[in-house]
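> Structure incoming, see below.
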Amino acid sequence: MTSSIPAVGTRTAEAATLQAVFLDLDGTLVDTEGFWWEAEAEVFAELGHILDDAHREVVVGGPMTRSAGYLIQVTGVDISLTELSVLLNAAFLARIGRGVPLMPGARRLLAELAAHDVPTALVSASHRAIVDQMLYSLGPENFRLTLAGDDLERTKPHPDPYLTAAARLGVDPARCAVIEDTLTGVAAGEAAGCPVVAVPSVAPVPPAAGRTIVPSLEEVDLPFLRTLITESRRTVH
């Protein structure tokens, strides 16, 4: 897969080490995937459609344009993608305005990365307004960089978000660990050439060569992520 993201100089002296950690937001750091489904169900009920639970796994983890477009298609609701996106974002913002629960292990992992001065980026397919709102719960001081879905022309599953994060931090994507909860996000990280840790939330992530899957962030710490980079380098070489 190609990308328009420019190549950058990297820290060649640290070629075998972990240079940065890139974290997804919904379902990875914060337990909000259920919030999204509730918002979607609420909006579509107001539009006269009851969403089937079978659609939930399809829309989880995807960018707004894909999820909203899919729901318009399967329900046949008479609304534009732009209009529906506005309604969904408003319904979701109303929910997270009351606070968001963090996933088990998230607070501890962020504190550990900060304590060891590991460059950390928040890379989300959610819109900027939503990312900024949830940063209050996560602590903006924990991130060198944040990228939202509407900050770029192409978001996940394209590699652009992770390639952009690496370029802006001046690091090698192959030395950056990505942590994601959905196959969409995992695909983006892998396409960018990053070692990926999948922590499935709502939908399962199937095993694949070079893919690490763990049941919870409680299984992830700095030594684990450093080992991930070392093993990835050994596999490549």
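The way I read the labels, and the way they are meant: chains A, B, ... in the order of the structure tokens, residue 1 as the first residue of every chain, and ligand 1 as the first ligand shown, with later ones counted on from there.
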Could you please write out, as a PyMOL selection string, every residue of range 3-194 of chain A that DSSP assigns to helix (DSSP H, G or I)?
chain A and resi 12-14+33-46+53-59+64-75+81-96+106-115+128-138+140-142+149-151+160-169+173-175+183-191
> Tell me which protein, DNA and RNA residues are within 10 Å of Thr120 in chain A, counting only C-alpha atoms, leaving out same-chain ones fewer than 6 positions away, and put them as a PDB file with N, CA and C atoms, in the first residue's frame.

```pdb
ATOM      1  N   GLN A  19      11.035   3.355  19.827  1.00  0.00           N
ATOM      2  CA  GLN A  19      11.172   4.799  19.679  1.00  0.00           C
ATOM      3  C   GLN A  19       9.905   5.565  20.054  1.00  0.00           C
ATOM      4  N   ALA A  20       8.741   4.931  19.935  1.00  0.00           N
ATOM      5  CA  ALA A  20       7.485   5.604  20.277  1.00  0.00           C
ATOM      6  C   ALA A  20       6.381   4.564  20.409  1.00  0.00           C
ATOM      7  N   VAL A  21       5.302   4.963  21.059  1.00  0.00           N
ATOM      8  CA  VAL A  21       4.119   4.111  21.184  1.00  0.00           C
ATOM      9  C   VAL A  21       2.920   4.900  20.675  1.00  0.00           C
ATOM     10  N   PHE A  22       2.152   4.284  19.782  1.00  0.00           N
ATOM     11  CA  PHE A  22       0.968   4.893  19.201  1.00  0.00           C
ATOM     12  C   PHE A  22      -0.262   4.136  19.703  1.00  0.00           C
ATOM     13  N   LEU A  23      -1.187   4.869  20.298  1.00  0.00           N
ATOM     14  CA  LEU A  23      -2.356   4.246  20.912  1.00  0.00           C
ATOM     15  C   LEU A  23      -3.656   4.711  20.264  1.00  0.00           C
ATOM     16  N   LEU A 110      -0.117   4.405  30.579  1.00  0.00           N
ATOM     17  CA  LEU A 110       0.207   5.789  30.232  1.00  0.00           C
ATOM     18  C   LEU A 110       1.203   6.385  31.231  1.00  0.00           C
ATOM     19  N   LEU A 113       4.719   4.885  30.546  1.00  0.00           N
ATOM     20  CA  LEU A 113       5.351   5.457  29.356  1.00  0.00           C
ATOM     21  C   LEU A 113       5.834   6.879  29.638  1.00  0.00           C
ATOM     22  N   ALA A 114       5.024   7.654  30.364  1.00  0.00           N
ATOM     23  CA  ALA A 114       5.407   9.027  30.698  1.00  0.00           C
ATOM     24  C   ALA A 114       6.614   9.038  31.633  1.00  0.00           C
ATOM     25  N   ASN A 142      -0.039  13.276  28.765  1.00  0.00           N
ATOM     26  CA  ASN A 142       0.499  11.948  28.484  1.00  0.00           C
ATOM     27  C   ASN A 142       0.864  11.744  27.020  1.00  0.00           C
ATOM     28  N   PHE A 143       0.561  12.728  26.157  1.00  0.00           N
ATOM     29  CA  PHE A 143       0.758  12.537  24.721  1.00  0.00           C
ATOM     30  C   PHE A 143       1.587  13.661  24.107  1.00  0.00           C
ATOM     31  N   ARG A 144       2.603  13.269  23.328  1.00  0.00           N
ATOM     32  CA  ARG A 144       3.378  14.247  22.576  1.00  0.00           C
ATOM     33  C   ARG A 144       2.574  14.774  21.387  1.00  0.00           C
ATOM     34  N   LEU A 145       1.648  13.931  20.911  1.00  0.00           N
ATOM     35  CA  LEU A 145       0.937  14.225  19.667  1.00  0.00           C
ATOM     36  C   LEU A 145      -0.421  13.552  19.706  1.00  0.00           C
ATOM     37  N   THR A 146      -1.434  14.207  19.138  1.00  0.00           N
ATOM     38  CA  THR A 146      -2.744  13.574  18.951  1.00  0.00           C
ATOM     39  C   THR A 146      -3.167  13.774  17.510  1.00  0.00           C
ATOM     40  N   ALA A 165       2.008  10.195  12.245  1.00  0.00           N
ATOM     41  CA  ALA A 165       2.482  10.288  13.631  1.00  0.00           C
ATOM     42  C   ALA A 165       3.986  10.063  13.697  1.00  0.00           C
ATOM     43  N   LEU A 169       6.925  12.905  14.727  1.00  0.00           N
ATOM     44  CA  LEU A 169       7.803  12.659  15.869  1.00  0.00           C
ATOM     45  C   LEU A 169       9.241  12.377  15.444  1.00  0.00           C
ATOM     46  N   CYS A 176       8.081   1.637  16.177  1.00  0.00           N
ATOM     47  CA  CYS A 176       6.968   2.197  16.954  1.00  0.00           C
ATOM     48  C   CYS A 176       5.911   1.128  17.184  1.00  0.00           C
ATOM     49  N   ALA A 177       5.536   0.914  18.422  1.00  0.00           N
ATOM     50  CA  ALA A 177       4.503  -0.063  18.746  1.00  0.00           C
ATOM     51  C   ALA A 177       3.129   0.585  18.628  1.00  0.00           C
TER      52      ALA A 177
END
```
> Once you count only C-alpha atoms, what closest atom pair and distance in Å to one decimal does each residue of range 187-210 of chain A within 12 Å of range 97-105 of chain A have, with rows by chain and rising residue number, as CSV?

```
residue,atom,partner,partner_atom,distance
A:Val199,CA,A:Met103,CA,10.4
A:Pro200,CA,A:Met103,CA,11.5
A:Ser201,CA,A:Met103,CA,9.6
```
> Looking at only C-alpha atoms, which of A:Leu51, A:Val196, A:Ala91, A:Leu18 is the one that sits closest to Ile229 in chain A?
A:Leu18
> I want to know what sits within 10 Å of His55 in chain A, based on only C-alpha atoms, with residues of the same chain fewer than 2 positions away left out; could you give that as a list in words?
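The filter keeps Trp37, Leu51, Asp52, Asp53, Glu57, Val58, Val59, Val60, Ser67, Tyr70, Leu71 and Val74 of chain A.
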> So how far away is CA of Leu93 in chain A from CA of Gly189 in chain A, in Å?
26.5 Å
> Extract, using only C-alpha atoms, all DNA, RNA and protein residues at most 7 Å from Ala174 in chain A, discarding same-chain residues fewer than 2 positions from it, and format them as a list in words.
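With the cut-off at 7 Å, the set is Asp172, Cys176, Gly193, Cys194 and Pro195 of chain A.
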> CA of Glu40 in chain A to CA of Ala148 in chain A: how many Å, to one decimal?
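If I compute the distance from CA of Glu40 in chain A to CA of Ala148 in chain A, I get 19.7 Å.
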> CA of Ser232 in chain A and CA of Arg211 in chain A, how far apart in Å?
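Between CA of Arg211 in chain A and CA of Ser232 in chain A the gap is 9.9 Å.
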> Write out as a list of chain:residue names each polymer residue whose atoms come within 9 Å of Ala68 in chain A, counting only C-alpha atoms; drop sequence neighbours fewer than 5 positions from it.
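Everything that qualifies: A:Glu40, A:Val59, A:Pro63, A:Gln73, A:Leu81, A:Leu84, A:Ser85, A:Leu88.
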